[in-house]
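Here's my_file-v7.csv, which has CSV, C-alpha atoms:
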chain,number,residue,atom,x,y,z
S,1,MET,CA,162.8,163.6,88.0
S,2,HIS,CA,163.5,161.2,90.9
S,3,SER,CA,164.9,157.7,90.4
S,4,LEU,CA,165.5,155.0,93.0
S,5,LEU,CA,167.7,152.0,92.4
S,6,LEU,CA,167.4,149.0,94.6
S,7,LYS,CA,170.6,147.0,94.0
S,8,ASN,CA,172.2,143.7,95.2
S,9,ILE,CA,168.7,142.3,96.0
S,10,LYS,CA,169.1,138.8,97.2
S,11,SER,CA,165.8,137.9,95.6
S,12,LEU,CA,163.3,140.1,93.6
S,13,CYS,CA,160.0,138.3,94.0
S,14,GLY,CA,156.6,138.6,92.4
S,15,ILE,CA,157.6,139.5,88.9
S,16,ASP,CA,154.7,139.3,86.4
S,17,GLU,CA,154.6,140.7,82.9
S,18,SER,CA,151.6,138.6,81.8
S,19,GLY,CA,149.0,141.3,82.2
S,20,ARG,CA,146.9,138.9,84.3
S,21,LEU,CA,144.6,140.5,86.9
S,22,LYS,CA,144.8,137.6,89.4
S,23,LYS,CA,146.2,134.2,90.0
S,24,ALA,CA,144.1,131.1,90.5
S,25,GLY,CA,144.5,127.5,91.5
S,26,ALA,CA,148.0,126.1,90.6
S,27,GLU,CA,149.2,129.5,89.4
S,28,MET,CA,149.1,130.7,93.0
S,29,ALA,CA,152.2,128.5,93.8
S,30,GLU,CA,154.2,130.4,91.2
S,31,LEU,CA,156.2,133.5,92.3
S,32,ASP,CA,158.6,134.5,89.6
S,33,THR,CA,161.9,135.7,91.0
S,34,ILE,CA,165.3,137.0,89.9
S,35,GLU,CA,168.2,136.2,92.3
S,36,ASN,CA,171.0,138.9,92.8
S,37,ALA,CA,168.8,141.5,91.2
S,38,TRP,CA,168.2,145.2,90.8
S,39,LEU,CA,165.0,147.2,90.5
S,40,LEU,CA,164.8,150.7,89.0
S,41,ILE,CA,161.9,153.0,90.0
S,42,LYS,CA,161.5,156.3,88.0
S,43,ASP,CA,158.9,159.0,88.7
S,44,GLY,CA,157.1,156.7,91.0
S,45,LEU,CA,156.8,153.8,88.5
S,46,ILE,CA,158.7,150.6,88.0
S,47,ALA,CA,161.0,151.3,85.1
S,48,ASP,CA,163.1,148.2,84.8
S,49,TYR,CA,164.7,145.3,86.6
S,50,GLY,CA,167.2,142.6,86.0
S,51,SER,CA,170.2,140.6,87.3
S,52,MET,CA,173.2,142.4,88.8
S,53,GLU,CA,175.3,140.4,86.3
S,54,GLU,CA,173.7,142.6,83.6
S,55,VAL,CA,174.1,146.0,85.1
S,56,ASP,CA,172.6,148.9,83.1
S,57,SER,CA,175.3,151.5,82.3
S,58,GLN,CA,172.6,154.1,82.0
S,59,TRP,CA,172.5,154.3,85.8
S,60,THR,CA,175.7,156.3,85.9
S,61,LEU,CA,174.2,158.9,83.6
S,62,ASP,CA,171.1,159.5,85.8
S,63,HIS,CA,172.1,162.4,88.1
S,64,GLY,CA,168.8,162.2,90.0
S,65,LEU,CA,169.5,158.6,91.0
S,66,SER,CA,169.6,157.5,94.6
S,67,SER,CA,170.2,153.9,95.6
S,68,ILE,CA,169.6,151.4,98.4
S,69,ASP,CA,171.9,148.4,98.9
S,70,CYS,CA,169.6,145.4,99.5
S,71,SER,CA,172.3,142.8,100.1
S,72,GLY,CA,170.9,139.7,101.8
S,73,LYS,CA,167.3,141.1,101.5
S,74,PHE,CA,164.2,140.2,99.5
S,75,VAL,CA,162.1,142.8,97.6
S,76,LEU,CA,158.4,142.1,97.0
S,77,PRO,CA,155.4,144.0,95.9
S,78,CYS,CA,153.7,145.8,98.8
S,79,PHE,CA,150.8,144.1,100.5
S,80,ILE,CA,147.3,145.1,99.4
S,81,ASP,CA,144.9,144.9,102.4
S,82,SER,CA,141.4,144.6,100.9
S,83,HIS,CA,139.4,144.5,104.1
S,84,THR,CA,139.8,146.8,107.1
S,85,HIS,CA,137.8,148.8,109.6
S,86,LEU,CA,140.6,151.2,110.3
S,87,VAL,CA,138.4,154.1,111.4
S,88,PHE,CA,137.1,153.5,114.9
S,89,ALA,CA,136.8,155.3,118.2
S,90,ASN,CA,138.2,153.1,120.9
S,91,THR,CA,139.7,149.7,121.5
S,92,ARG,CA,137.7,146.9,123.0
S,93,GLU,CA,140.1,145.0,125.2
S,94,ASP,CA,137.4,144.6,127.9
S,95,GLU,CA,135.6,142.3,125.5
S,96,PHE,CA,138.8,140.4,124.9
S,97,VAL,CA,138.8,139.6,128.6
S,98,MET,CA,135.2,138.6,128.5
S,99,ARG,CA,136.0,136.1,125.8
S,100,ILE,CA,138.9,134.7,127.9
S,101,LYS,CA,136.3,134.1,130.6
S,102,GLY,CA,134.2,132.1,128.2
S,103,LYS,CA,131.7,134.5,126.7
S,104,THR,CA,130.7,133.9,123.1
S,105,TYR,CA,130.6,136.5,120.3
S,106,GLU,CA,126.8,136.5,120.5
S,107,GLU,CA,126.7,136.8,124.3
S,108,ILE,CA,129.1,139.8,124.2
S,109,ALA,CA,126.9,141.4,121.6
S,110,GLU,CA,123.8,140.8,123.7
S,111,ALA,CA,125.5,142.4,126.7
S,112,GLY,CA,126.0,145.6,124.7
S,113,GLY,CA,129.4,144.8,123.3
S,114,GLY,CA,130.5,144.1,119.8
S,115,ILE,CA,129.7,146.4,116.9
S,116,LEU,CA,127.1,148.4,118.8
S,117,ASN,CA,129.7,149.1,121.5
S,118,SER,CA,132.0,150.6,118.8
S,119,ALA,CA,129.0,152.5,117.4
S,120,ARG,CA,128.3,154.2,120.7
S,121,LYS,CA,131.9,155.2,121.1
S,122,LEU,CA,132.2,156.5,117.6
S,123,GLN,CA,129.0,158.5,117.8
S,124,ALA,CA,130.4,160.4,120.8
S,125,MET,CA,133.8,161.2,119.1
S,126,HIS,CA,134.4,164.3,117.0
S,127,GLU,CA,135.4,163.8,113.4
S,128,ASP,CA,138.8,165.4,113.8
S,129,GLU,CA,139.8,163.0,116.6
S,130,LEU,CA,138.6,160.0,114.6
S,131,PHE,CA,140.7,161.3,111.7
S,132,GLU,CA,143.9,161.7,113.8
S,133,ASN,CA,143.5,158.3,115.4
S,134,ALA,CA,142.9,156.6,112.0
S,135,LEU,CA,145.9,158.4,110.4
S,136,LYS,CA,148.2,156.9,113.1
S,137,ARG,CA,146.9,153.4,112.3
S,138,LEU,CA,147.3,154.1,108.5
S,139,ASN,CA,150.9,155.1,109.0
S,140,GLU,CA,151.5,152.1,111.2
S,141,VAL,CA,150.2,149.6,108.5
S,142,ILE,CA,152.1,151.3,105.7
S,143,ALA,CA,155.3,150.8,107.8
S,144,TYR,CA,154.4,147.1,108.0
S,145,GLY,CA,154.4,146.9,104.2
S,146,THR,CA,150.8,147.8,103.1
S,147,GLY,CA,150.8,149.7,99.8
S,148,ALA,CA,147.0,150.0,99.3
S,149,ILE,CA,144.1,149.6,101.6
S,150,GLU,CA,140.3,149.4,101.9
S,151,ILE,CA,138.5,151.1,104.8
S,152,LYS,CA,134.9,150.5,105.8
S,153,SER,CA,132.3,152.5,107.6
S,154,GLY,CA,129.9,150.6,109.7
S,155,TYR,CA,130.4,151.9,113.3
S,156,GLY,CA,128.1,154.8,112.8
S,157,LEU,CA,124.7,153.1,112.2
S,158,THR,CA,123.0,156.5,112.0
S,159,VAL,CA,122.8,158.8,108.9
S,160,ASP,CA,125.0,161.4,110.4
S,161,ASP,CA,127.6,159.0,111.9
S,162,GLU,CA,128.0,156.8,108.8
S,163,LEU,CA,128.5,160.0,106.8
S,164,LYS,CA,131.0,161.2,109.4
S,165,MET,CA,133.0,157.9,109.1
S,166,LEU,CA,133.0,158.1,105.3
S,167,ARG,CA,134.2,161.8,105.4
S,168,VAL,CA,137.0,160.7,107.7
S,169,ILE,CA,138.0,158.1,105.1
S,170,ARG,CA,137.8,160.8,102.4
S,171,ARG,CA,140.2,163.0,104.4
S,172,LEU,CA,142.6,160.0,104.8
S,173,LYS,CA,142.5,159.6,101.0
S,174,GLU,CA,143.5,163.2,100.6
S,175,VAL,CA,146.7,162.9,102.7
S,176,SER,CA,147.5,159.2,102.2
S,177,PRO,CA,150.6,158.2,100.2
S,178,ILE,CA,148.9,155.0,99.3
S,179,PRO,CA,145.6,154.3,97.4
S,180,ILE,CA,142.5,154.0,99.7
S,181,LYS,CA,139.2,152.5,98.7
S,182,ALA,CA,136.1,153.5,100.8
S,183,THR,CA,133.4,151.0,101.5
S,184,PHE,CA,129.9,151.9,102.9
S,185,LEU,CA,129.0,149.3,105.6
S,186,GLY,CA,125.9,150.9,107.1
S,187,ALA,CA,124.5,147.3,107.1
S,188,HIS,CA,127.0,146.1,109.7
S,189,ALA,CA,124.4,145.5,112.4
S,190,PHE,CA,120.9,146.6,113.4
S,191,PRO,CA,121.0,149.5,115.8
S,192,ALA,CA,119.3,148.9,119.1
S,193,ALA,CA,116.4,151.2,118.1
S,194,TYR,CA,115.7,148.9,115.1
S,195,LYS,CA,116.2,145.6,116.8
S,196,GLN,CA,112.5,144.7,116.2
S,197,ASN,CA,112.2,146.8,113.0
S,198,HIS,CA,114.7,145.5,110.5
S,199,MET,CA,112.9,147.0,107.5
S,200,GLY,CA,112.8,150.4,109.2
S,201,TYR,CA,116.6,150.4,109.3
S,202,ILE,CA,117.0,149.0,105.8
S,203,ASP,CA,114.7,151.8,104.6
S,204,LEU,CA,116.9,154.3,106.3
S,205,ILE,CA,120.0,153.0,104.5
S,206,ILE,CA,118.3,152.9,101.1
S,207,ASN,CA,116.3,156.2,101.3
S,208,GLU,CA,118.6,158.4,103.4
S,209,MET,CA,122.1,157.1,103.7
S,210,LEU,CA,122.7,155.9,100.1
S,211,PRO,CA,121.4,159.1,98.4
S,212,ASP,CA,123.7,161.3,100.6
S,213,ILE,CA,126.7,159.1,100.1
S,214,ALA,CA,126.2,159.1,96.3
S,215,LYS,CA,125.7,162.9,96.3
S,216,GLU,CA,129.0,163.5,98.1
S,217,LYS,CA,130.8,160.6,96.3
S,218,LEU,CA,131.9,159.2,99.6
S,219,ALA,CA,132.1,155.5,98.8
S,220,ASP,CA,133.5,153.1,96.2
S,221,TYR,CA,131.7,150.0,97.4
S,222,MET,CA,128.7,148.8,99.5
S,223,ASP,CA,129.2,146.0,102.0
S,224,VAL,CA,126.6,144.0,104.0
S,225,PHE,CA,127.2,141.7,107.0
S,226,CYS,CA,125.2,138.7,105.6
S,227,ASP,CA,125.2,136.2,108.4
S,228,GLN,CA,123.1,134.6,111.2
S,229,GLY,CA,122.1,137.2,113.7
S,230,PHE,CA,122.7,140.1,111.2
S,231,PHE,CA,121.3,140.6,107.7
S,232,ASN,CA,119.6,137.7,106.0
S,233,ILE,CA,119.8,136.8,102.3
S,234,LYS,CA,116.7,138.7,101.3
S,235,GLU,CA,117.7,141.9,103.2
S,236,THR,CA,121.3,141.7,101.7
S,237,ASP,CA,119.9,141.3,98.2
S,238,LEU,CA,117.6,144.3,98.6
S,239,LEU,CA,120.4,146.5,99.9
S,240,LEU,CA,123.0,145.5,97.3
S,241,LYS,CA,120.5,146.1,94.5
S,242,ALA,CA,119.7,149.5,95.9
S,243,ALA,CA,123.4,150.3,96.1
S,244,LYS,CA,123.9,149.3,92.5
S,245,THR,CA,121.5,152.0,91.4
S,246,TYR,CA,124.0,154.5,92.9
S,247,GLY,CA,127.0,153.0,91.2
S,248,LEU,CA,128.3,151.2,94.3
S,249,LYS,CA,129.8,147.7,93.6
S,250,ALA,CA,129.0,145.0,96.1
S,251,LYS,CA,131.2,143.4,98.7
S,252,ILE,CA,129.9,141.0,101.4
S,253,HIS,CA,130.8,139.8,104.9
S,254,GLY,CA,129.7,136.2,104.5
S,255,ASN,CA,129.8,132.8,106.1
S,256,GLU,CA,131.7,133.8,109.2
S,257,LEU,CA,129.2,132.4,111.6
S,258,GLY,CA,127.6,129.6,109.6
S,259,TYR,CA,126.5,128.3,106.2
S,260,THR,CA,124.1,131.3,105.6
S,261,GLY,CA,124.1,131.8,101.9
S,262,GLY,CA,126.4,134.8,101.9
S,263,VAL,CA,128.6,133.3,99.1
S,264,GLN,CA,125.7,132.6,96.8
S,265,THR,CA,124.2,136.1,97.5
S,266,ALA,CA,127.6,137.7,96.7
S,267,VAL,CA,127.9,135.8,93.4
S,268,ASN,CA,124.3,136.6,92.4
S,269,ASN,CA,125.0,140.3,92.9
S,270,ASN,CA,128.4,140.2,91.0
S,271,ALA,CA,130.2,141.2,94.2
S,272,LEU,CA,133.8,142.1,93.8
S,273,SER,CA,134.6,140.0,96.8
S,274,VAL,CA,133.1,137.9,99.6
S,275,ASP,CA,135.0,138.0,102.8
S,276,HIS,CA,135.4,135.8,105.9
S,277,LEU,CA,134.3,132.4,104.6
S,278,GLU,CA,135.1,130.4,107.7
S,279,TYR,CA,132.2,128.2,106.7
S,280,THR,CA,132.7,127.2,103.1
S,281,GLY,CA,131.7,123.9,101.6
S,282,ASP,CA,131.5,122.2,98.2
S,283,GLU,CA,128.4,124.1,97.2
S,284,GLU,CA,130.0,127.5,97.9
S,285,ILE,CA,133.2,126.5,96.1
S,286,ALA,CA,131.3,125.4,93.0
S,287,CYS,CA,129.4,128.7,93.1
S,288,LEU,CA,132.6,130.8,93.3
S,289,LEU,CA,134.2,128.8,90.5
S,290,ASN,CA,131.5,130.1,88.2
S,291,SER,CA,132.0,133.7,89.1
S,292,GLN,CA,134.4,136.6,89.1
S,293,THR,CA,133.9,137.2,92.8
S,294,MET,CA,137.2,137.0,94.8
S,295,PRO,CA,137.0,134.9,98.1
S,296,VAL,CA,138.8,136.8,100.9
S,297,ALA,CA,140.0,135.1,104.1
S,298,LEU,CA,140.7,137.0,107.3
S,299,PRO,CA,142.9,134.6,109.3
S,300,GLY,CA,143.7,137.3,112.0
S,301,CYS,CA,140.0,137.1,113.0
S,302,SER,CA,140.0,133.3,113.2
S,303,PHE,CA,143.2,133.5,115.3
S,304,PHE,CA,141.8,136.2,117.7
S,305,LEU,CA,138.3,134.8,118.1
S,306,GLY,CA,139.3,131.1,118.1
S,307,ILE,CA,136.9,130.3,115.2
S,308,PRO,CA,137.6,128.1,112.2
S,309,TYR,CA,139.8,129.2,109.4
S,310,ALA,CA,138.5,129.5,105.8
S,311,PRO,CA,139.3,126.3,104.0
S,312,PHE,CA,141.7,127.9,101.5
S,313,ARG,CA,143.8,124.8,100.9
S,314,LYS,CA,140.7,123.1,99.5
S,315,MET,CA,139.6,126.2,97.6
S,316,ILE,CA,143.0,126.6,95.8
S,317,ASP,CA,143.1,122.9,95.0
S,318,ALA,CA,139.7,123.3,93.4
S,319,GLY,CA,141.1,126.0,91.1
S,320,LEU,CA,140.0,129.2,92.8
S,321,ALA,CA,141.8,132.4,93.2
S,322,VAL,CA,141.9,133.5,96.9
S,323,CYS,CA,142.9,136.6,98.7
S,324,LEU,CA,144.1,137.4,102.3
S,325,ALA,CA,143.4,140.6,104.2
S,326,SER,CA,143.8,141.8,107.8
S,327,ASP,CA,140.3,142.8,108.9
S,328,TYR,CA,141.9,145.4,111.2
S,329,ASN,CA,139.2,146.3,113.7
S,330,PRO,CA,138.9,146.9,117.5
S,331,GLY,CA,136.7,143.9,118.2
S,332,SER,CA,137.9,140.8,116.4
S,333,THR,CA,141.2,141.7,114.8
S,334,PRO,CA,143.1,144.5,116.5
S,335,SER,CA,146.1,144.2,114.1
S,336,GLY,CA,146.9,145.3,110.6
S,337,ARG,CA,150.2,143.6,110.2
S,338,MET,CA,149.9,141.7,106.9
S,339,GLY,CA,153.1,139.8,107.6
S,340,PHE,CA,151.4,138.0,110.4
S,341,VAL,CA,148.4,137.3,108.1
S,342,VAL,CA,150.9,135.5,105.8
S,343,SER,CA,152.2,133.5,108.7
S,344,LEU,CA,148.7,132.4,109.8
S,345,ALA,CA,147.8,131.5,106.2
S,346,CYS,CA,150.9,129.2,106.1
S,347,SER,CA,150.8,127.7,109.5
S,348,GLN,CA,147.0,127.4,110.0
S,349,MET,CA,145.5,127.3,106.5
S,350,LYS,CA,148.4,125.3,104.9
S,351,LEU,CA,149.2,127.7,102.1
S,352,THR,CA,152.7,127.7,100.8
S,353,PRO,CA,154.7,131.0,101.3
S,354,GLU,CA,154.3,131.7,97.5
S,355,GLU,CA,150.6,131.1,97.6
S,356,ALA,CA,150.2,133.4,100.7
S,357,ILE,CA,152.2,136.2,99.1
S,358,ASN,CA,150.2,136.0,95.9
S,359,ALA,CA,147.0,136.0,97.9
S,360,CYS,CA,147.8,139.4,99.5
S,361,THR,CA,149.6,141.1,96.6
S,362,ILE,CA,148.2,140.4,93.1
S,363,ASN,CA,144.9,138.9,94.3
S,364,GLY,CA,144.6,141.7,96.9
S,365,ALA,CA,144.9,144.2,94.1
S,366,TYR,CA,142.1,142.4,92.2
S,367,ALA,CA,139.8,142.6,95.2
S,368,LEU,CA,140.2,146.5,95.1
S,369,GLU,CA,140.3,146.9,91.3
S,370,LEU,CA,143.9,148.0,91.5
S,371,SER,CA,145.4,145.2,89.4
S,372,LYS,CA,146.7,147.5,86.7
S,373,SER,CA,148.8,149.6,89.1
S,374,LEU,CA,149.7,147.4,92.0
S,375,GLY,CA,150.2,143.8,93.1
S,376,SER,CA,153.2,142.6,91.2
S,377,ILE,CA,156.7,143.7,90.0
S,378,THR,CA,155.6,144.8,86.6
S,379,LYS,CA,157.1,147.6,84.4
S,380,GLY,CA,154.7,150.6,84.5
S,381,LYS,CA,153.1,149.7,87.8
S,382,LEU,CA,153.6,151.8,90.9
S,383,GLY,CA,157.0,151.5,92.4
S,384,SER,CA,155.6,150.4,95.8
S,385,VAL,CA,157.6,147.6,97.3
S,386,ILE,CA,158.8,146.2,100.5
S,387,ILE,CA,162.4,145.5,101.4
S,388,THR,CA,162.7,142.8,104.0
S,389,ARG,CA,165.3,142.4,106.7
S,390,GLU,CA,168.1,140.0,105.8
S,391,MET,CA,166.7,136.5,105.6
S,392,PRO,CA,167.9,133.2,104.2
S,393,SER,CA,164.7,132.3,102.2
S,394,LEU,CA,161.2,133.4,101.4
S,395,ALA,CA,159.8,130.8,103.8
S,396,TYR,CA,161.6,132.6,106.6
S,397,MET,CA,159.2,135.5,106.3
S,398,PRO,CA,156.1,133.5,107.5
S,399,TYR,CA,158.3,131.2,109.7
S,400,SER,CA,159.4,134.1,111.9
S,401,PHE,CA,155.9,135.1,112.8
S,402,GLY,CA,156.8,137.1,115.9
S,403,VAL,CA,159.1,139.4,114.1
S,404,ASP,CA,158.2,142.1,111.6
S,405,MET,CA,160.4,141.1,108.6
S,406,VAL,CA,159.6,144.3,106.7
S,407,GLU,CA,162.6,146.6,107.1
S,408,GLN,CA,161.5,149.4,104.8
S,409,THR,CA,158.4,150.2,102.8
S,410,ILE,CA,158.9,152.0,99.5
S,411,ILE,CA,155.9,153.9,98.2
S,412,LYS,CA,156.0,155.2,94.6
S,413,GLY,CA,159.8,155.2,94.7
S,414,LYS,CA,160.2,157.0,98.0
S,415,ALA,CA,161.1,155.4,101.4
S,416,PHE,CA,158.2,155.7,103.8
S,417,SER,CA,158.8,157.3,107.2
S,418,HIS,CA,156.4,158.7,109.7
Write the structure described by the file as structure tokens, please.
Amino acid sequence: MHSLLLKNIKSLCGIDESGRLKKAGAEMAELDTIENAWLLIKDGLIADYGSMEEVDSQWTLDHGLSSIDCSGKFVLPCFIDSHTHLVFANTREDEFVMRIKGKTYEEIAEAGGGILNSARKLQAMHEDELFENALKRLNEVIAYGTGAIEIKSGYGLTVDDELKMLRVIRRLKEVSPIPIKATFLGAHAFPAAYKQNHMGYIDLIINEMLPDIAKEKLADYMDVFCDQGFFNIKETDLLLKAAKTYGLKAKIHGNELGYTGGVQTAVNNNALSVDHLEYTGDEEIACLLNSQTMPVALPGCSFFLGIPYAPFRKMIDAGLAVCLASDYNPGSTPSGRMGFVVSLACSQMKLTPEEAINACTINGAYALELSKSLGSITKGKLGSVIITREMPSLAYMPYSFGVDMVEQTIIKGKAFSH
């Protein structure tokens, strides 16, 4: 039996014993805390917590107990990153320079860049190399405080290569100390060979990719890039309905490039989440309010591409639950540091620090169906938390955007190192 005691915690944040699966609207500004606190993790689960003024005498009787002094430091639930493209072949800094010189996202794609560029590189790379590269990135983001993650395919765009990506994700699941959810994103873009034959590629996804994925149980979810220049509403609807027959719940990339109906399509298909949302108006907000679909913003993408940020201030004020994720990928967001996502949410989207933390902890857990085991400091949930560096207040975390304020990641009661 292993027990870990975090003691002298300056502030233990994110306590929630309500049993709720997510926070919405005004609730998002609430982040229950205990000052000068302790937290006990036993056998990987949160066992108890309280004030240092009420120290539990049982600690002295636990011979398997180790402890960490958290004086001056905050302890929070680990970040839950519900949207990443962590498995990819190579970086795309050449396109970064093209954007600096004024090329648009669409122009770069037309010149052979973008998603199709990543697909060509991935198709040429062996599965073992893909796995080793992705494992390094996974360890990197865990060290930054991520305690559960979603990883998408979508850079394969052929039957063999989409399956290759999903098998890499399965291998990551097998060795990862944190939960991983796999999302099939074969509908990420139309391969060059199907540029004039959209239904041909959609048939390939439905009749060849989905049956093989289901047979090998390679995916938890199905995602579609529903936006202008990619998959339209009818195509998205057709794909998600096909995925449902194989037991894959829906997720959608929507409204990144315009008001394209992605939100409504997500809600109509009972999608677990709809992600991006840079273009979200009153109609989309009303649609989301009448659903269980979680809106997910990816502010790292807005920052890197110089596109609008999702209007999360307006959405929270309307009563919605919202979620933040990294979108870690080689083209539009080459970073998986969730602490920076929190900073962007505060500085650019006008969320309070408490709202931003809730958006990528308890609401992130909801977006991956992990609410019962992660996302808050709750007795019985996994003992996966972050210990910050010494800092004067919670607001200092997003304020110091250029510094990684996560000093240590604890996964299921064990200090993470790699």
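Across the structure, CA of Gly306 in chain S and CA of Ala111 in chain S are spaced 19.8 Å apart.
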(request) Quick one: everything within 8 Å of His85 in chain S, counting all atoms listed in the file, minus sequence neighbours fewer than 6 positions away in the same chain. Send it as a list in words. (result)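 Close residues of His85 in chain S: Ile151, Lys152, Ser153, Asp327, Tyr328 and Asn329 of chain S.
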(request) Find the residues around Asn268 in chain S up to 10 Å (all atoms listed in the file counted), leave out those fewer than 5 positions away in its own chain, and share them as a list of chain:residue names. (result)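 Contacts, in chain order: S:Asp237, S:Gly262, S:Val263, S:Cys287, S:Ser291, S:Thr293.
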(message) Report, in Å to a single decimal, how far apart CA of Ile307 in chain S and CA of Asp94 in chain S are.
(response)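 Pair CA of Asp94 in chain S / CA of Ile307 in chain S returns 19.1 Å.
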(request) Tell me which protein, DNA and RNA residues are within 12 Å of Lys173 in chain S, counting all atoms listed in the file, leaving out same-chain ones fewer than 4 positions away, and put them as a VMD selection string. (result) chain S and resid 131 134 to 135 138 148 to 151 166 to 169 177 to 182 218 to 219
(message) Between CA of Leu382 in chain S and CA of Ile34 in chain S, what is the distance in Å, rounded to a tenth?
(response)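 CA of Ile34 in chain S lies at a distance of 18.9 Å from CA of Leu382 in chain S.
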Please, which residues in range 227-303 of chain S fall within 6 Å of range 321-326 of chain S when counting only C-alpha atoms, and what is the closest atom pair and distance in Å to one decimal for each, ordered by chain then residue number, as JSON lines?
{"residue": "S:Pro295", "atom": "CA", "partner": "S:Val322", "partner_atom": "CA", "distance": 5.2}
{"residue": "S:Val296", "atom": "CA", "partner": "S:Cys323", "partner_atom": "CA", "distance": 4.7}
{"residue": "S:Ala297", "atom": "CA", "partner": "S:Leu324", "partner_atom": "CA", "distance": 5.0}
{"residue": "S:Leu298", "atom": "CA", "partner": "S:Ala325", "partner_atom": "CA", "distance": 5.5}
With C-alpha atoms retained, export the selected residues as a CSV table (one decimal), keeping the file's coordinate frame.
chain,number,residue,atom,x,y,z
S,295,PRO,CA,137.0,134.9,98.1
S,296,VAL,CA,138.8,136.8,100.9
S,297,ALA,CA,140.0,135.1,104.1
S,298,LEU,CA,140.7,137.0,107.3
(request) Excluding range 311-315 of chain S and residues on its chain fewer than 5 positions from it, collect all residues at most 12 Å away from it, counting all atoms listed in the file, and give them as a ChimeraX atom specification. (result) /S:24-26,28-29,255-256,276-289,294-299,302,320-324,344-352,355-356,359
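Considering the residues S:Asn36, S:Asn90, S:Asn358, S:Asn8 and counting all atoms listed in the file, Met125 in chain S has its shortest atom-to-atom contact with S:Asn90.
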(request) Find, counting all atoms listed in the file, the residue in S:Tyr144, S:Thr388, S:Ala310, S:Ala271 that gets nearest to Phe416 in chain S. (result)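 Among the listed residues, the smallest separation from Phe416 in chain S belongs to S:Tyr144.
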